[in-house]
$ cat start_23.txt   # compact mmCIF, C-alpha atoms
# COMPACT_ATOMS: atom_id res chain seq x y z
CA MET A 1 -4.68 43.49 -6.60
CA GLU A 2 -7.07 42.65 -3.82
CA ARG A 3 -5.44 41.22 -0.74
CA ILE A 4 -6.57 37.68 -0.11
CA VAL A 5 -6.50 36.38 3.43
CA ALA A 6 -5.85 32.66 3.54
CA ASP A 7 -7.87 30.49 5.91
CA LYS A 8 -5.05 27.97 5.99
CA LYS A 9 -1.40 28.03 4.96
CA ILE A 10 0.79 25.04 4.30
CA ASP A 11 4.53 24.97 3.72
CA ILE A 12 5.42 21.98 1.56
CA ARG A 13 8.92 23.09 0.63
CA GLY A 14 11.14 20.03 0.38
CA LEU A 15 8.38 17.77 -0.90
CA VAL A 16 8.24 16.38 -4.43
CA CYS A 17 5.43 14.90 -6.53
CA PRO A 18 3.07 13.27 -5.81
CA TYR A 19 3.36 14.22 -2.12
CA THR A 20 3.08 17.92 -2.95
CA PHE A 21 -0.39 17.25 -4.36
CA VAL A 22 -1.27 14.75 -1.62
CA LYS A 23 -0.63 17.42 1.04
CA ALA A 24 -2.38 20.14 -0.94
CA LYS A 25 -5.42 17.95 -1.55
CA LEU A 26 -5.74 16.90 2.08
CA ALA A 27 -5.51 20.56 3.13
CA ILE A 28 -8.23 21.56 0.64
CA GLU A 29 -10.46 18.71 1.79
CA ALA A 30 -10.27 19.97 5.36
CA LEU A 31 -11.53 23.45 4.37
CA GLU A 32 -15.12 24.62 3.97
CA ILE A 33 -16.35 25.69 0.55
CA GLY A 34 -15.35 29.30 -0.08
CA GLN A 35 -12.30 29.13 2.17
CA VAL A 36 -8.85 29.83 0.82
CA LEU A 37 -5.66 27.77 1.01
CA GLU A 38 -2.17 29.20 0.60
CA ILE A 39 0.59 26.81 -0.42
CA LEU A 40 4.32 27.55 -0.28
CA LEU A 41 6.43 25.13 -2.31
CA ASP A 42 9.83 24.82 -3.94
CA TYR A 43 9.28 21.96 -6.39
CA GLU A 44 8.90 23.72 -9.72
CA GLU A 45 6.89 21.03 -11.49
CA ALA A 46 4.28 21.21 -8.72
CA SER A 47 3.83 24.94 -9.32
CA ARG A 48 2.26 23.90 -12.62
CA SER A 49 0.73 20.51 -11.78
CA ILE A 50 -1.02 21.50 -8.53
CA PRO A 51 -2.98 24.39 -10.09
CA LYS A 52 -3.93 22.15 -13.03
CA SER A 53 -5.06 19.28 -10.78
CA MET A 54 -6.94 21.66 -8.50
CA GLU A 55 -8.80 23.12 -11.48
CA ASP A 56 -9.53 19.59 -12.71
CA HIS A 57 -11.00 18.79 -9.29
CA GLY A 58 -13.22 21.86 -9.52
CA GLN A 59 -11.30 24.26 -7.26
CA LYS A 60 -10.46 27.89 -8.14
CA VAL A 61 -6.82 28.88 -8.52
CA LEU A 62 -6.56 32.56 -7.44
CA ARG A 63 -2.83 33.09 -7.66
CA VAL A 64 0.38 31.39 -8.80
CA GLU A 65 3.43 33.49 -8.00
CA LYS A 66 7.16 32.92 -7.90
CA VAL A 67 8.06 34.67 -4.68
CA ASN A 68 11.83 34.25 -4.72
CA ASP A 69 14.58 32.23 -6.48
CA THR A 70 13.34 28.91 -5.18
CA ASP A 71 9.77 29.24 -3.93
CA TRP A 72 6.28 29.54 -5.36
CA LEU A 73 3.11 30.66 -3.67
CA LEU A 74 -0.24 29.22 -4.74
CA VAL A 75 -3.58 30.53 -3.56
CA ILE A 76 -6.57 28.29 -4.09
CA ARG A 77 -10.20 28.73 -3.14
CA LYS A 78 -12.28 25.68 -2.36
CA GLU A 79 -15.30 25.52 -4.64
CA LYS A 80 -16.20 21.87 -4.44
CA ASP A 81 -16.24 19.10 -1.83
CA MET B 1 -8.31 11.45 9.81
CA ASP B 2 -4.64 12.33 10.38
CA PHE B 3 -2.30 10.25 8.30
CA THR B 4 1.24 9.43 9.36
CA ASP B 5 4.01 10.11 6.87
CA ASP B 6 4.16 6.39 6.11
CA GLN B 7 0.42 6.30 5.47
CA LEU B 8 0.63 9.37 3.21
CA GLN B 9 3.17 7.54 1.12
CA ARG B 10 1.41 4.18 1.22
CA TYR B 11 -2.00 5.58 0.23
CA SER B 12 -0.83 8.50 -1.92
CA ARG B 13 -2.12 6.93 -5.16
CA HIS B 14 -5.52 6.61 -3.55
CA ILE B 15 -5.57 10.05 -1.99
CA ILE B 16 -4.85 11.81 -5.28
CA LEU B 17 -7.85 10.15 -6.95
CA PRO B 18 -10.80 12.57 -6.92
CA GLU B 19 -13.14 9.67 -6.07
CA VAL B 20 -11.08 8.69 -3.02
CA GLY B 21 -9.10 11.53 -1.44
CA GLY B 22 -8.29 11.66 2.24
CA LYS B 23 -11.96 11.29 3.13
CA GLY B 24 -12.32 8.14 1.05
CA GLN B 25 -9.14 6.68 2.45
CA ALA B 26 -10.49 7.35 5.94
CA LYS B 27 -13.69 5.47 5.00
CA ILE B 28 -11.55 2.54 3.87
CA ALA B 29 -9.60 2.68 7.13
CA HIS B 30 -12.82 2.49 9.14
CA ALA B 31 -14.41 -0.30 7.09
CA LYS B 32 -14.91 -3.83 8.40
CA VAL B 33 -15.02 -6.62 5.86
CA ILE B 34 -15.43 -10.36 6.40
CA ILE B 35 -14.21 -12.84 3.80
CA ILE B 36 -15.66 -16.34 3.63
CA GLY B 37 -12.84 -18.65 2.58
CA ALA B 38 -9.08 -18.05 2.60
CA GLY B 39 -8.57 -19.99 -0.62
CA GLY B 40 -8.38 -19.11 -4.31
CA LEU B 41 -10.69 -16.10 -4.08
CA GLY B 42 -10.17 -15.13 -0.44
CA CYS B 43 -6.41 -14.79 -0.94
CA PRO B 44 -6.45 -12.09 -3.66
CA VAL B 45 -9.48 -10.32 -2.18
CA GLY B 46 -7.80 -10.18 1.22
CA TYR B 47 -4.43 -9.26 -0.27
CA TYR B 48 -5.78 -6.25 -2.18
CA LEU B 49 -8.08 -5.10 0.60
CA THR B 50 -5.10 -5.28 2.96
CA ALA B 51 -3.03 -3.23 0.53
CA ALA B 52 -5.90 -0.74 0.26
CA GLY B 53 -5.87 -0.25 4.02
CA VAL B 54 -9.26 -1.68 5.03
CA GLY B 55 -9.50 -1.23 8.79
CA THR B 56 -10.61 -4.69 9.86
CA LEU B 57 -10.51 -7.81 7.76
CA ALA B 58 -11.89 -11.07 9.12
CA LEU B 59 -11.08 -14.36 7.39
CA ILE B 60 -13.16 -17.49 7.88
CA ASP B 61 -11.74 -20.86 6.88
CA ASN B 62 -11.46 -24.20 8.63
CA ASP B 63 -8.81 -25.77 6.37
CA THR B 64 -5.06 -26.03 6.53
CA VAL B 65 -2.67 -25.15 3.71
CA GLU B 66 -1.78 -27.97 1.30
CA MET B 67 0.74 -28.12 -1.53
CA SER B 68 -2.14 -28.38 -4.04
CA ASN B 69 -3.38 -24.94 -2.95
CA LEU B 70 -0.25 -23.09 -3.98
CA GLN B 71 -1.02 -23.08 -7.72
CA ARG B 72 -3.63 -20.34 -7.05
CA GLN B 73 -3.93 -19.42 -3.36
CA ILE B 74 -1.38 -16.60 -3.32
CA ALA B 75 -1.41 -15.78 0.37
CA HIS B 76 0.07 -19.17 1.26
CA ASN B 77 3.52 -20.60 0.59
CA VAL B 78 5.71 -23.65 1.13
CA HIS B 79 6.59 -22.51 4.63
CA THR B 80 2.95 -22.39 5.74
CA ILE B 81 1.92 -25.84 4.50
CA GLY B 82 0.06 -27.55 7.33
CA MET B 83 -0.80 -24.25 9.00
CA PRO B 84 -4.44 -23.12 9.27
CA LYS B 85 -5.16 -21.07 6.15
CA VAL B 86 -6.45 -18.14 8.17
CA GLU B 87 -3.16 -17.94 10.08
CA SER B 88 -1.06 -18.35 6.93
CA ALA B 89 -3.02 -15.55 5.24
CA GLN B 90 -2.78 -13.38 8.36
CA LYS B 91 1.02 -13.64 8.28
CA THR B 92 1.13 -12.65 4.61
CA PHE B 93 -1.34 -9.78 4.93
CA THR B 94 0.23 -8.35 8.07
CA ALA B 95 3.63 -8.36 6.38
CA LEU B 96 2.10 -6.32 3.55
CA ASN B 97 0.28 -3.79 5.74
CA PRO B 98 0.44 -3.84 9.53
CA ASP B 99 -2.22 -1.06 9.67
CA VAL B 100 -4.90 -3.63 8.92
CA ARG B 101 -6.40 -5.61 11.79
CA ILE B 102 -6.70 -9.18 10.56
CA VAL B 103 -9.15 -11.40 12.45
CA PRO B 104 -8.45 -15.08 11.72
CA LEU B 105 -11.52 -17.23 12.33
CA ARG B 106 -10.75 -20.93 12.06
CA VAL B 107 -14.29 -22.20 12.14
CA ARG B 108 -16.64 -24.18 9.94
CA LEU B 109 -19.48 -21.93 8.89
CA SER B 110 -22.95 -23.20 9.76
CA LYS B 111 -26.50 -21.99 10.22
CA ASP B 112 -25.78 -21.75 13.94
CA ASN B 113 -22.80 -19.40 13.82
CA ILE B 114 -22.98 -17.36 10.59
CA LEU B 115 -25.28 -14.55 11.75
CA ASP B 116 -23.17 -13.99 14.82
CA LEU B 117 -19.94 -14.02 12.78
CA ILE B 118 -21.09 -11.46 10.18
CA LYS B 119 -23.03 -9.12 12.48
CA ASP B 120 -20.12 -6.76 13.25
CA TYR B 121 -19.02 -6.33 9.63
CA ASP B 122 -20.11 -3.85 6.96
CA ILE B 123 -19.59 -6.07 3.90
CA VAL B 124 -19.41 -9.84 3.36
CA VAL B 125 -17.29 -11.38 0.61
CA ASP B 126 -18.09 -14.92 -0.50
CA GLY B 127 -15.05 -16.78 -1.76
CA SER B 128 -16.29 -20.21 -0.78
CA ASP B 129 -15.82 -23.24 -3.00
CA ASN B 130 -19.10 -25.08 -2.48
CA PHE B 131 -22.83 -24.67 -2.91
CA PRO B 132 -23.94 -25.34 0.68
CA THR B 133 -21.81 -22.43 1.92
CA ARG B 134 -22.82 -20.19 -0.99
CA TYR B 135 -26.54 -20.58 -0.20
CA LEU B 136 -25.99 -20.28 3.53
CA VAL B 137 -24.02 -17.04 3.07
CA ASN B 138 -26.63 -15.62 0.68
CA ASP B 139 -29.55 -16.40 2.98
CA ALA B 140 -27.74 -15.04 6.04
CA CYS B 141 -26.79 -11.80 4.25
CA VAL B 142 -30.37 -11.27 3.03
CA MET B 143 -31.72 -11.88 6.54
CA ALA B 144 -29.09 -9.65 8.17
CA GLY B 145 -29.28 -6.96 5.44
CA LYS B 146 -25.53 -7.19 4.72
CA PRO B 147 -24.10 -6.32 1.30
CA LEU B 148 -22.54 -9.44 -0.24
CA VAL B 149 -19.91 -9.57 -2.96
CA SER B 150 -20.10 -13.06 -4.35
CA GLY B 151 -17.54 -14.75 -6.59
CA ALA B 152 -17.22 -18.22 -8.06
CA ILE B 153 -14.71 -19.97 -10.29
CA LEU B 154 -14.48 -23.24 -12.18
CA ARG B 155 -12.05 -24.36 -14.88
CA PHE B 156 -11.68 -21.27 -17.11
CA GLU B 157 -14.81 -19.39 -16.11
CA GLY B 158 -15.65 -17.12 -13.22
CA GLN B 159 -18.65 -15.13 -12.02
CA VAL B 160 -19.08 -12.07 -9.83
CA THR B 161 -22.19 -10.39 -8.52
CA THR B 162 -22.95 -7.86 -5.79
CA ILE B 163 -26.01 -8.43 -3.68
CA ILE B 164 -27.48 -5.46 -1.79
CA PRO B 165 -30.39 -6.89 0.19
CA GLY B 166 -33.61 -5.02 -0.53
CA LYS B 167 -32.10 -3.17 -3.49
CA GLY B 168 -31.59 -5.89 -6.05
CA HIS B 169 -31.45 -9.59 -6.65
CA CYS B 170 -30.03 -12.24 -4.34
CA TYR B 171 -28.33 -15.50 -5.22
CA ARG B 172 -31.63 -17.39 -4.99
CA CYS B 173 -33.26 -15.00 -7.49
CA LEU B 174 -30.67 -16.41 -9.88
CA PHE B 175 -30.63 -20.05 -8.83
CA GLU B 176 -33.44 -20.85 -6.44
CA GLU B 177 -32.02 -24.06 -4.97
CA PRO B 178 -28.55 -25.56 -4.74
CA PRO B 179 -27.98 -27.99 -7.62
CA PRO B 180 -28.39 -31.66 -6.77
CA PRO B 181 -25.04 -33.12 -5.67
CA GLY B 182 -24.84 -35.38 -8.75
CA LEU B 183 -24.80 -32.37 -11.09
CA VAL B 184 -21.94 -30.64 -9.33
CA PRO B 185 -18.60 -31.57 -10.91
CA SER B 186 -16.84 -34.18 -8.85
CA CYS B 187 -13.36 -33.64 -7.53
CA GLN B 188 -11.92 -35.51 -10.52
CA GLU B 189 -13.77 -33.38 -13.06
CA ALA B 190 -13.11 -30.02 -11.50
CA GLY B 191 -10.02 -28.05 -12.18
CA VAL B 192 -9.24 -24.36 -12.26
CA LEU B 193 -6.71 -22.20 -14.04
CA GLY B 194 -4.51 -20.84 -11.26
CA VAL B 195 -4.76 -17.21 -12.31
CA LEU B 196 -8.56 -17.23 -12.63
CA PRO B 197 -9.23 -16.51 -8.94
CA GLY B 198 -6.84 -13.57 -9.28
CA VAL B 199 -9.08 -12.02 -11.95
CA ILE B 200 -12.34 -12.75 -10.13
CA GLY B 201 -10.93 -11.89 -6.69
CA GLY B 202 -9.61 -8.62 -8.09
CA LEU B 203 -13.10 -7.78 -9.35
CA GLN B 204 -14.58 -8.66 -5.95
CA ALA B 205 -12.07 -6.46 -4.12
CA THR B 206 -12.94 -3.62 -6.52
CA GLU B 207 -16.64 -4.05 -5.74
CA VAL B 208 -15.89 -3.95 -2.01
CA LEU B 209 -13.91 -0.72 -2.31
CA LYS B 210 -16.66 0.90 -4.43
CA LEU B 211 -19.23 -0.01 -1.77
CA ILE B 212 -17.01 1.42 0.99
CA LEU B 213 -16.41 4.63 -0.97
CA GLY B 214 -19.98 4.92 -2.24
CA LYS B 215 -18.60 5.55 -5.74
CA GLY B 216 -19.49 4.06 -9.10
CA GLU B 217 -22.18 1.51 -9.81
CA PRO B 218 -22.09 -1.72 -7.85
CA LEU B 219 -22.65 -4.93 -9.81
CA LYS B 220 -26.15 -5.28 -8.41
CA GLY B 221 -28.92 -6.69 -10.53
CA GLU B 222 -26.25 -8.16 -12.76
CA LEU B 223 -24.00 -11.17 -13.01
CA LEU B 224 -20.59 -10.67 -14.63
CA ILE B 225 -19.22 -13.76 -16.33
CA TYR B 226 -15.57 -13.96 -17.35
CA ASN B 227 -14.35 -16.57 -19.79
CA ALA B 228 -10.58 -16.85 -19.71
CA LEU B 229 -10.26 -19.02 -22.83
CA ASN B 230 -12.19 -16.57 -25.02
CA THR B 231 -11.14 -13.49 -23.05
CA THR B 232 -14.72 -12.29 -22.78
CA PHE B 233 -16.64 -10.49 -20.08
CA ARG B 234 -20.39 -10.87 -20.30
CA LYS B 235 -22.96 -9.11 -18.13
CA VAL B 236 -26.28 -10.82 -17.59
CA ARG B 237 -29.12 -8.87 -16.06
CA VAL B 238 -30.58 -10.55 -12.99
CA PRO B 239 -33.86 -8.98 -11.94
CA LYS B 240 -35.03 -9.34 -8.39
CA ASN B 241 -37.49 -12.23 -8.31
CA PRO B 242 -40.66 -11.22 -6.43
CA PHE B 243 -41.26 -14.95 -5.80
CA CYS B 244 -37.72 -15.55 -4.50
CA PRO B 245 -37.96 -17.93 -1.53
CA VAL B 246 -35.64 -15.79 0.59
CA CYS B 247 -35.81 -12.15 -0.59
CA GLY B 248 -39.20 -12.18 -2.36
CA ASP B 249 -42.45 -10.60 -1.23
CA ASN B 250 -43.58 -13.69 0.67
CA PRO B 251 -40.43 -15.58 1.61
CA THR B 252 -40.77 -19.27 2.38
CA ILE B 253 -37.25 -19.54 3.78
CA THR B 254 -37.23 -17.66 7.04
CA GLU B 255 -34.67 -19.75 8.89
CA LEU B 256 -31.17 -20.75 7.92
CA ALA B 257 -30.43 -24.33 6.93
CA ASP B 258 -27.27 -26.32 6.24
CA TYR B 259 -27.15 -28.26 2.96
CA ASN B 260 -24.21 -30.52 3.51
CA GLU B 261 -25.42 -33.88 2.28
CA GLY B 262 -23.76 -35.55 -0.64
CA TYR B 263 -21.35 -32.83 -1.73
CA CYS B 264 -17.70 -33.40 -2.38
CA THR B 265 -15.76 -30.26 -1.61
CA LEU B 266 -12.39 -29.49 -3.09
CA SER B 267 -9.85 -27.87 -0.86

$ encode --input "start_23.txt" --output "structure tokens"
Amino acid sequence: MERIVADKKIDIRGLVCPYTFVKAKLAIEALEIGQVLEILLDYEEASRSIPKSMEDHGQKVLRVEKVNDTDWLLVIRKEKD
Amino acid sequence: MDFTDDQLQRYSRHIILPEVGGKGQAKIAHAKVIIIGAGGLGCPVGYYLTAAGVGTLALIDNDTVEMSNLQRQIAHNVHTIGMPKVESAQKTFTALNPDVRIVPLRVRLSKDNILDLIKDYDIVVDGSDNFPTRYLVNDACVMAGKPLVSGAILRFEGQVTTIIPGKGHCYRCLFEEPPPPGLVPSCQEAGVLGVLPGVIGGLQATEVLKLILGKGEPLKGELLIYNALNTTFRKVRVPKNPFCPVCGDNPTITELADYNEGYCTLS
């Protein structure tokens, strides 16, 4: 798999919904179109809801991966302002 | 805009809306709105705009709080009876959201002060309870080019319209002149269901937020009429009148005037 270099990384472990999405959305907003955001989180529900909401908002979800027992890594590319 | 943790929590339900987001919330935080009247309409408009985090909110009202206000004017309470309404509302709004700068203006609006009072604000909200003020505010907003969100209530019926000078109708396109004082319901005839200003004020606050965000369709070129007894909302199209005396092609009203004679105003 091609290595994706994130333009910004956020660590939102410890946060629950809806603040997981609030933080992710603010981080995406601050990027330019085409840039990539990497999100590290440990709230399982958000590993499903953030990718879905991001797709709904027109962004591209590149990767959703469980990286260890507790954490997920999401990689999202900004496609839309 | 960098949000504090408290602000992230407070505005989270805004930020997660695609139409708002952090950028929209920042627009709200930088907006300056002036509300004419801290009564039935001004209270809910100010309350919701305070909750929404509008940056600066000015309130104009010259009255003091009376017991008879409390049936509908939700920013006031038994402890603020006798206090200027703008100060009573300021206390309530600041307790809800200290982020918002409330500017209490205890003045009587007139042709001599209105342009100066509205000049620093982005949007004007009319929640006044009388025709002289309504026409004065309309004319001043047209002359100053300020968006105006106008609301009115009586008995069980309310009206809302959004006036964007140059881009739609104004109040005088609808009703050219104030009605003669004898046709306006007297204090004994007039009454209002206490919750009605909550409905109409809520619609006005929604219009204000849409204008700030630049989202949706403002209620321009239209008058929305709510009837509480029948539970109906009716939209009436209001075209811009090219012969309107204030916003028409050849305006005959080019200076502000006060129309105070013969009206009984209800507080």

$ residues_around --input "start_23.txt" --residues "A:Lys52" --least-positions-apart "4" --cutoff "12 Å" --atoms "all atoms listed in the file" --output "short mmCIF file (atom, residue, chain, number, x, y, z; two decimals) with C-alpha atoms, in the frame of the given file"
data_model
loop_
_atom_site.label_atom_id
_atom_site.label_comp_id
_atom_site.auth_asym_id
_atom_site.auth_seq_id
_atom_site.Cartn_x
_atom_site.Cartn_y
_atom_site.Cartn_z
CA PHE A 21 -0.39 17.25 -4.36
CA GLU A 45 6.89 21.03 -11.49
CA ALA A 46 4.28 21.21 -8.72
CA SER A 47 3.83 24.94 -9.32
CA ARG A 48 2.26 23.90 -12.62
CA ASP A 56 -9.53 19.59 -12.71
CA HIS A 57 -11.00 18.79 -9.29
CA GLY A 58 -13.22 21.86 -9.52
CA GLN A 59 -11.30 24.26 -7.26
CA LYS A 60 -10.46 27.89 -8.14
CA VAL A 61 -6.82 28.88 -8.52
CA VAL A 64 0.38 31.39 -8.80
CA LEU A 74 -0.24 29.22 -4.74
CA ILE A 76 -6.57 28.29 -4.09
#

$ closest_residue --input "start_23.txt" --among "A:Asp42, A:Asp81, A:Glu32, A:Glu65" --to "A:Leu15" --atoms "all atoms listed in the file"
A:Asp42

$ atom_distance --input "start_23.txt" --atom1 "atom CA of A:Tyr43" --atom2 "atom CA of A:Asp71"
7.7 Å

$ interface_residues --input "start_23.txt" --of "chain B" --to "chain A" --cutoff "7 Å" --atoms "all atoms listed in the file" --output "list of chain:residue names"
B:Ser12, B:Ile15, B:Ile16, B:Pro18, B:Gly22

$ write_last_selection --input "start_23.txt" --atoms "C-alpha atoms" --output "mmCIF file, in the frame of the given file"
data_model
loop_
_atom_site.group_PDB
_atom_site.id
_atom_site.type_symbol
_atom_site.label_atom_id
_atom_site.label_comp_id
_atom_site.auth_asym_id
_atom_site.auth_seq_id
_atom_site.Cartn_x
_atom_site.Cartn_y
_atom_site.Cartn_z
ATOM 1 C CA SER B 12 -0.830 8.500 -1.920
ATOM 2 C CA ILE B 15 -5.570 10.050 -1.990
ATOM 3 C CA ILE B 16 -4.850 11.810 -5.280
ATOM 4 C CA PRO B 18 -10.800 12.570 -6.920
ATOM 5 C CA GLY B 22 -8.290 11.660 2.240
#

$ closest_residue --input "start_23.txt" --among "A:Ile50, A:Leu40, A:Val67, A:Leu73" --to "A:Gly14" --atoms "all atoms listed in the file"
A:Leu40

$ residues_near_point --input "start_23.txt" --point "(-14.7, 27.0, -2.7)" --cutoff "6 Å" --atoms "only C-alpha atoms" --output "PyMOL selection string"
chain A and resi 33-35+77-80

$ write_last_selection --input "start_23.txt" --atoms "C-alpha atoms" --output "PDB file, in the frame of the given file"
ATOM      1  CA  ILE A  33     -16.350  25.690   0.550  1.00  0.00           C
ATOM      2  CA  GLY A  34     -15.350  29.300  -0.080  1.00  0.00           C
ATOM      3  CA  GLN A  35     -12.300  29.130   2.170  1.00  0.00           C
ATOM      4  CA  ARG A  77     -10.200  28.730  -3.140  1.00  0.00           C
ATOM      5  CA  LYS A  78     -12.280  25.680  -2.360  1.00  0.00           C
ATOM      6  CA  GLU A  79     -15.300  25.520  -4.640  1.00  0.00           C
ATOM      7  CA  LYS A  80     -16.200  21.870  -4.440  1.00  0.00           C
TER       8      LYS A  80
END

$ residues_near_point --input "start_23.txt" --point "(-3.6, 9.7, 11.5)" --cutoff "12 Å" --atoms "all atoms listed in the file" --output "PyMOL selection string"
chain B and resi 1-8+22-23+25-26+29-30+99

$ closest_residue --input "start_23.txt" --among "B:Gly151, B:Pro98, B:Pro181, B:Pro104" --to "B:Val125" --atoms "all atoms listed in the file"
B:Gly151

$ atom_distance --input "start_23.txt" --atom1 "atom CA of B:Gly53" --atom2 "atom CA of B:Gln159"
25.3 Å

$ atom_distance --input "start_23.txt" --atom1 "atom CA of B:Val160" --atom2 "atom CA of B:Gly201"
8.7 Å

$ closest_residue --input "start_23.txt" --among "A:Thr20, A:Asp69, A:Leu37, A:Ile28" --to "A:Asp7" --atoms "all atoms listed in the file"
A:Leu37

$ residues_around --input "start_23.txt" --residues "B:Lys111" --least-positions-apart "4" --cutoff "10 Å" --atoms "all atoms listed in the file" --output "NGL selection string"
:B and (115-116 or 133 or 136-137 or 139-140 or 255-259)

$ closest_residue --input "start_23.txt" --among "A:Met54, A:Val16, A:Leu62, A:Val75" --to "B:Leu17" --atoms "only C-alpha atoms"
A:Met54

$ decode --input "start_23.txt" --residues "stretch 133-152 of chain B" --atoms "N, CA and C atoms" --output "PDB file, in the first residue's frame"
ATOM      1  N   THR B 133     -42.002  53.725  15.254  1.00  0.00           N
ATOM      2  CA  THR B 133     -40.652  53.144  15.295  1.00  0.00           C
ATOM      3  C   THR B 133     -40.411  52.239  14.093  1.00  0.00           C
ATOM      4  N   ARG B 134     -41.427  51.443  13.752  1.00  0.00           N
ATOM      5  CA  ARG B 134     -41.298  50.503  12.631  1.00  0.00           C
ATOM      6  C   ARG B 134     -40.925  51.233  11.329  1.00  0.00           C
ATOM      7  N   TYR B 135     -41.596  52.357  11.067  1.00  0.00           N
ATOM      8  CA  TYR B 135     -41.306  53.111   9.836  1.00  0.00           C
ATOM      9  C   TYR B 135     -39.960  53.816   9.923  1.00  0.00           C
ATOM     10  N   LEU B 136     -39.659  54.326  11.108  1.00  0.00           N
ATOM     11  CA  LEU B 136     -38.363  54.986  11.292  1.00  0.00           C
ATOM     12  C   LEU B 136     -37.221  53.994  11.053  1.00  0.00           C
ATOM     13  N   VAL B 137     -37.354  52.798  11.631  1.00  0.00           N
ATOM     14  CA  VAL B 137     -36.302  51.782  11.499  1.00  0.00           C
ATOM     15  C   VAL B 137     -36.171  51.362  10.032  1.00  0.00           C
ATOM     16  N   ASN B 138     -37.303  51.142   9.366  1.00  0.00           N
ATOM     17  CA  ASN B 138     -37.269  50.762   7.945  1.00  0.00           C
ATOM     18  C   ASN B 138     -36.544  51.819   7.111  1.00  0.00           C
ATOM     19  N   ASP B 139     -36.961  53.069   7.279  1.00  0.00           N
ATOM     20  CA  ASP B 139     -36.390  54.134   6.451  1.00  0.00           C
ATOM     21  C   ASP B 139     -34.887  54.271   6.722  1.00  0.00           C
ATOM     22  N   ALA B 140     -34.514  54.182   7.999  1.00  0.00           N
ATOM     23  CA  ALA B 140     -33.095  54.330   8.356  1.00  0.00           C
ATOM     24  C   ALA B 140     -32.275  53.179   7.763  1.00  0.00           C
ATOM     25  N   CYS B 141     -32.821  51.954   7.816  1.00  0.00           N
ATOM     26  CA  CYS B 141     -32.078  50.806   7.287  1.00  0.00           C
ATOM     27  C   CYS B 141     -31.927  50.908   5.769  1.00  0.00           C
ATOM     28  N   VAL B 142     -32.987  51.357   5.080  1.00  0.00           N
ATOM     29  CA  VAL B 142     -32.894  51.536   3.628  1.00  0.00           C
ATOM     30  C   VAL B 142     -31.821  52.587   3.326  1.00  0.00           C
ATOM     31  N   MET B 143     -31.867  53.701   4.037  1.00  0.00           N
ATOM     32  CA  MET B 143     -30.893  54.778   3.767  1.00  0.00           C
ATOM     33  C   MET B 143     -29.468  54.354   4.099  1.00  0.00           C
ATOM     34  N   ALA B 144     -29.313  53.555   5.165  1.00  0.00           N
ATOM     35  CA  ALA B 144     -27.968  53.143   5.581  1.00  0.00           C
ATOM     36  C   ALA B 144     -27.537  51.835   4.908  1.00  0.00           C
ATOM     37  N   GLY B 145     -28.456  51.195   4.150  1.00  0.00           N
ATOM     38  CA  GLY B 145     -28.103  49.938   3.483  1.00  0.00           C
ATOM     39  C   GLY B 145     -27.901  48.777   4.447  1.00  0.00           C
ATOM     40  N   LYS B 146     -28.617  48.803   5.577  1.00  0.00           N
ATOM     41  CA  LYS B 146     -28.457  47.726   6.580  1.00  0.00           C
ATOM     42  C   LYS B 146     -29.554  46.681   6.430  1.00  0.00           C
ATOM     43  N   PRO B 147     -29.193  45.396   6.422  1.00  0.00           N
ATOM     44  CA  PRO B 147     -30.209  44.347   6.437  1.00  0.00           C
ATOM     45  C   PRO B 147     -31.073  44.474   7.693  1.00  0.00           C
ATOM     46  N   LEU B 148     -32.377  44.271   7.511  1.00  0.00           N
ATOM     47  CA  LEU B 148     -33.329  44.446   8.609  1.00  0.00           C
ATOM     48  C   LEU B 148     -34.217  43.213   8.697  1.00  0.00           C
ATOM     49  N   VAL B 149     -34.261  42.612   9.872  1.00  0.00           N
ATOM     50  CA  VAL B 149     -35.164  41.489  10.108  1.00  0.00           C
ATOM     51  C   VAL B 149     -36.295  42.003  10.980  1.00  0.00           C
ATOM     52  N   SER B 150     -37.472  42.109  10.352  1.00  0.00           N
ATOM     53  CA  SER B 150     -38.585  42.792  10.994  1.00  0.00           C
ATOM     54  C   SER B 150     -39.615  41.784  11.479  1.00  0.00           C
ATOM     55  N   GLY B 151     -40.109  41.977  12.689  1.00  0.00           N
ATOM     56  CA  GLY B 151     -41.149  41.099  13.226  1.00  0.00           C
ATOM     57  C   GLY B 151     -42.244  41.923  13.867  1.00  0.00           C
ATOM     58  N   ALA B 152     -43.450  41.386  13.873  1.00  0.00           N
ATOM     59  CA  ALA B 152     -44.568  42.077  14.505  1.00  0.00           C
ATOM     60  C   ALA B 152     -45.552  41.048  15.027  1.00  0.00           C
TER      61      ALA B 152
END
